[in-house]
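**Student:** Quick one: the structure is below, questions incoming.
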Amino acid sequence: MGEIDMKNDDSPFGPCPLGRAAGVLGDRWTMLIMRNAMLGTTRFDEFKSRLGIADNILSNRLSRLVDAGLLTKVPYLDVNRTRERYALTGAGAGLRPVLQSLAEWGHTYVNPDEPSGAVTVIHHTCGETTTDGRYCAACQRPVPYDETAWMMPWLSETPQPLAEVHGTP
Ligand SMILES: [Zn+2]
């Protein structure tokens with residue numbers, strides 16, 4: 001009694017959807033890459049300079065995120081050669097509430113003695129703060145992804161609208 005019977009499964013992450021999500025997202029670089037992708041970073045060099053991450057690790061994590069369908073490679077013309085940038089997919093944009101909840105948890109529980117700002121979720125269309133990161137009380141409706149902005153005062157004095165989704169949101 002009281003013990004959870006953890007059944008073995010062929011997949012190392014098991015049949016539990018939380019386990020599967022952890023299998024895709026379970027390291028710090030991956031979460032931070034997705035945070036930056038949601039804030040509009042798309043190019044390899046931009047991820048590299050903004051995250052201070054080594055080339056080989058960044059390259060590995062970006063490939064994994066492309067394989068997992070959270071990012072997609074989109075060609076662009078850089079001066080006179082074609083390069084690829086990394087755009088958010090619908091599955092990537094689907095992490096919005098996950099990252100918002102993680103930010104709230106981090107603000108509340110991780111190093112609470114150190115001053116850290118909260119991420120405020122703004123309904124970009126009207127400029128009001130959402131009640132729970134999803135609902136605008138002023139407009140009396142849920143806030144869709146493409147009308148969301150994140151206010152991170154340590155990053156910018158203005159709310160940052162979330163990046164465009166490549167494909168179906
Ligand atoms: Zn609103």
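Residue numbers start at 1 in each chain; chains themselves are named A, B, ... in the order of the structure tokens; ligands are numbered from 1 in the order shown.
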Do you know which residues are within 10 Å of ligand 1 using only C-alpha atoms and all ligand atoms? Can you write them as a count of residues only?
**Tutor:** 20
**Student:** Run DSSP on the backbone and tell me which residues of chain A come out as strand (DSSP E); list them as a PyMOL selection string.
**Tutor:** chain A and resi 71-78+81-88+120-123+128-129+135-136+141-142+148-151+160-161
**Student:** Please save N, CA and C atoms of the selected residues as a short mmCIF file (atom, residue, chain, number, x, y, z; two decimals), in the first residue's frame.
**Tutor:**
```cif
data_model
loop_
_atom_site.label_atom_id
_atom_site.label_comp_id
_atom_site.auth_asym_id
_atom_site.auth_seq_id
_atom_site.Cartn_x
_atom_site.Cartn_y
_atom_site.Cartn_z
N LEU A 71 11.03 23.08 -33.28
CA LEU A 71 11.58 24.13 -34.15
C LEU A 71 11.63 23.56 -35.56
N THR A 72 11.64 24.46 -36.53
CA THR A 72 11.79 24.00 -37.91
C THR A 72 12.80 24.90 -38.61
N LYS A 73 13.59 24.30 -39.51
CA LYS A 73 14.60 25.09 -40.22
C LYS A 73 13.95 25.81 -41.39
N VAL A 74 14.24 27.10 -41.49
CA VAL A 74 13.68 27.91 -42.57
C VAL A 74 14.85 28.60 -43.29
N PRO A 75 14.97 28.42 -44.60
CA PRO A 75 16.08 29.07 -45.31
C PRO A 75 15.91 30.59 -45.36
N TYR A 76 17.00 31.31 -45.29
CA TYR A 76 16.96 32.75 -45.49
C TYR A 76 18.23 33.18 -46.20
N LEU A 77 18.16 34.33 -46.86
CA LEU A 77 19.30 34.81 -47.62
C LEU A 77 20.13 35.74 -46.74
N ASP A 78 21.39 35.37 -46.52
CA ASP A 78 22.30 36.18 -45.70
C ASP A 78 23.37 36.73 -46.63
N ARG A 81 24.49 34.34 -49.54
CA ARG A 81 24.38 32.88 -49.43
C ARG A 81 23.15 32.52 -48.61
N THR A 82 22.62 31.35 -48.91
CA THR A 82 21.43 30.89 -48.21
C THR A 82 21.84 30.19 -46.92
N ARG A 83 21.24 30.60 -45.82
CA ARG A 83 21.50 29.96 -44.54
C ARG A 83 20.16 29.51 -43.97
N GLU A 84 20.22 28.90 -42.78
CA GLU A 84 18.97 28.45 -42.17
C GLU A 84 18.79 29.08 -40.80
N ARG A 85 17.56 29.46 -40.55
CA ARG A 85 17.24 29.94 -39.21
C ARG A 85 16.28 28.93 -38.59
N TYR A 86 16.05 29.08 -37.31
CA TYR A 86 15.22 28.12 -36.57
C TYR A 86 13.95 28.82 -36.12
N ALA A 87 12.82 28.40 -36.70
CA ALA A 87 11.54 29.04 -36.39
C ALA A 87 10.71 28.13 -35.49
N LEU A 88 9.88 28.75 -34.69
CA LEU A 88 8.98 28.01 -33.80
C LEU A 88 7.89 27.31 -34.61
N THR A 120 5.60 38.85 -16.37
CA THR A 120 4.19 39.22 -16.45
C THR A 120 3.71 38.93 -17.87
N VAL A 121 2.55 38.29 -17.96
CA VAL A 121 2.01 37.96 -19.28
C VAL A 121 0.97 39.01 -19.66
N ILE A 122 1.23 39.66 -20.78
CA ILE A 122 0.41 40.79 -21.22
C ILE A 122 -0.45 40.39 -22.42
N HIS A 123 -1.69 40.85 -22.42
CA HIS A 123 -2.49 40.73 -23.63
C HIS A 123 -2.07 41.89 -24.53
N GLU A 128 -3.29 45.02 -21.39
CA GLU A 128 -3.58 44.68 -19.99
C GLU A 128 -2.84 43.41 -19.58
N THR A 129 -2.59 43.31 -18.28
CA THR A 129 -1.97 42.10 -17.72
C THR A 129 -3.02 41.00 -17.63
N TYR A 135 -5.83 34.47 -19.61
CA TYR A 135 -7.14 35.10 -19.75
C TYR A 135 -7.03 36.60 -19.54
N CYS A 136 -7.66 37.37 -20.43
CA CYS A 136 -7.68 38.82 -20.28
C CYS A 136 -9.02 39.23 -19.67
N ARG A 141 -11.84 37.44 -22.47
CA ARG A 141 -11.64 36.26 -23.33
C ARG A 141 -10.23 35.73 -23.13
N PRO A 142 -10.04 34.45 -23.50
CA PRO A 142 -8.70 33.88 -23.42
C PRO A 142 -7.77 34.61 -24.39
N THR A 148 -0.04 37.39 -27.35
CA THR A 148 0.64 37.35 -26.06
C THR A 148 1.97 38.09 -26.12
N ALA A 149 2.28 38.80 -25.05
CA ALA A 149 3.62 39.40 -24.89
C ALA A 149 4.10 39.09 -23.48
N TRP A 150 5.41 38.94 -23.32
CA TRP A 150 6.00 38.71 -22.01
C TRP A 150 6.70 39.98 -21.56
N MET A 151 6.42 40.38 -20.33
CA MET A 151 7.10 41.52 -19.75
C MET A 151 8.19 40.99 -18.83
N GLN A 160 7.46 42.07 -24.68
CA GLN A 160 7.99 41.43 -25.89
C GLN A 160 6.92 40.52 -26.50
N PRO A 161 6.37 40.90 -27.65
CA PRO A 161 5.39 40.00 -28.29
C PRO A 161 6.07 38.68 -28.65
#
```
**Student:** For the contact check between segment 71-111 of chain A and segment 28-40 of chain A, emit one row per residue of segment 71-111 of chain A within 12 Å, containing the shortest atom pair and the distance in Å rounded to one decimal, counting only C-alpha atoms, chain then rising number order, as a Markdown table.
**Tutor:**
```
| residue | atom | partner | partner_atom | distance |
| --- | --- | --- | --- | --- |
| A:Leu71 | CA | A:Ala37 | CA | 8.5 |
| A:Thr72 | CA | A:Ala37 | CA | 11.0 |
| A:Arg85 | CA | A:Ala37 | CA | 10.6 |
| A:Tyr86 | CA | A:Ala37 | CA | 7.9 |
| A:Ala87 | CA | A:Ala37 | CA | 7.2 |
| A:Leu88 | CA | A:Ala37 | CA | 6.6 |
| A:Thr89 | CA | A:Ala37 | CA | 10.1 |
| A:Gly90 | CA | A:Met38 | CA | 11.2 |
| A:Ala91 | CA | A:Met34 | CA | 11.0 |
| A:Gly92 | CA | A:Met34 | CA | 7.3 |
| A:Ala93 | CA | A:Met38 | CA | 7.1 |
| A:Gly94 | CA | A:Met38 | CA | 10.2 |
| A:Leu95 | CA | A:Met34 | CA | 8.2 |
| A:Arg96 | CA | A:Met38 | CA | 7.9 |
| A:Pro97 | CA | A:Arg35 | CA | 11.5 |
| A:Val98 | CA | A:Met31 | CA | 10.0 |
| A:Leu99 | CA | A:Arg35 | CA | 7.2 |
| A:Gln100 | CA | A:Arg35 | CA | 9.6 |
| A:Leu102 | CA | A:Met31 | CA | 9.7 |
| A:Ala103 | CA | A:Arg35 | CA | 10.2 |
```
**Student:** Taking 2 positions as the minimum chain separation for residues in the same chain, which residues sit within 12 Å of Val24 of chain A when counting only C-alpha atoms? Answer as a list in words.
**Tutor:**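 So, after excluding close chain neighbours, the residues are Pro12, Phe13, Pro17, Leu18, Gly19, Arg20, Ala21, Ala22, Gly26, Asp27, Arg28, Trp29, Thr30, Met31, Met34, Arg61, Leu62, Ser63, Arg64, Leu65, Val66, Asp67, Ala68, Gly69, Leu70, Ala91, Gly92 and Leu95 of chain A.
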**Student:** Could you find all residues in chain A that DSSP calls helix (DSSP H, G or I) from the backbone, and write them as JSON, numbers by chain?
**Tutor:** {"A": [17, 18, 19, 20, 21, 22, 23, 24, 25, 28, 29, 30, 31, 32, 33, 34, 35, 36, 37, 38, 44, 45, 46, 47, 48, 49, 50, 51, 55, 56, 57, 58, 59, 60, 61, 62, 63, 64, 65, 66, 67, 90, 91, 92, 93, 96, 97, 98, 99, 100, 101, 102, 103, 104, 105, 106, 107, 108, 109, 145, 146, 147]}
**Student:** In Å, with one decimal, what is the gap from atom CA of Asp146 of chain A to atom CA of Phe47 of chain A?
**Tutor:**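 These atoms are spaced 22.0 Å apart.
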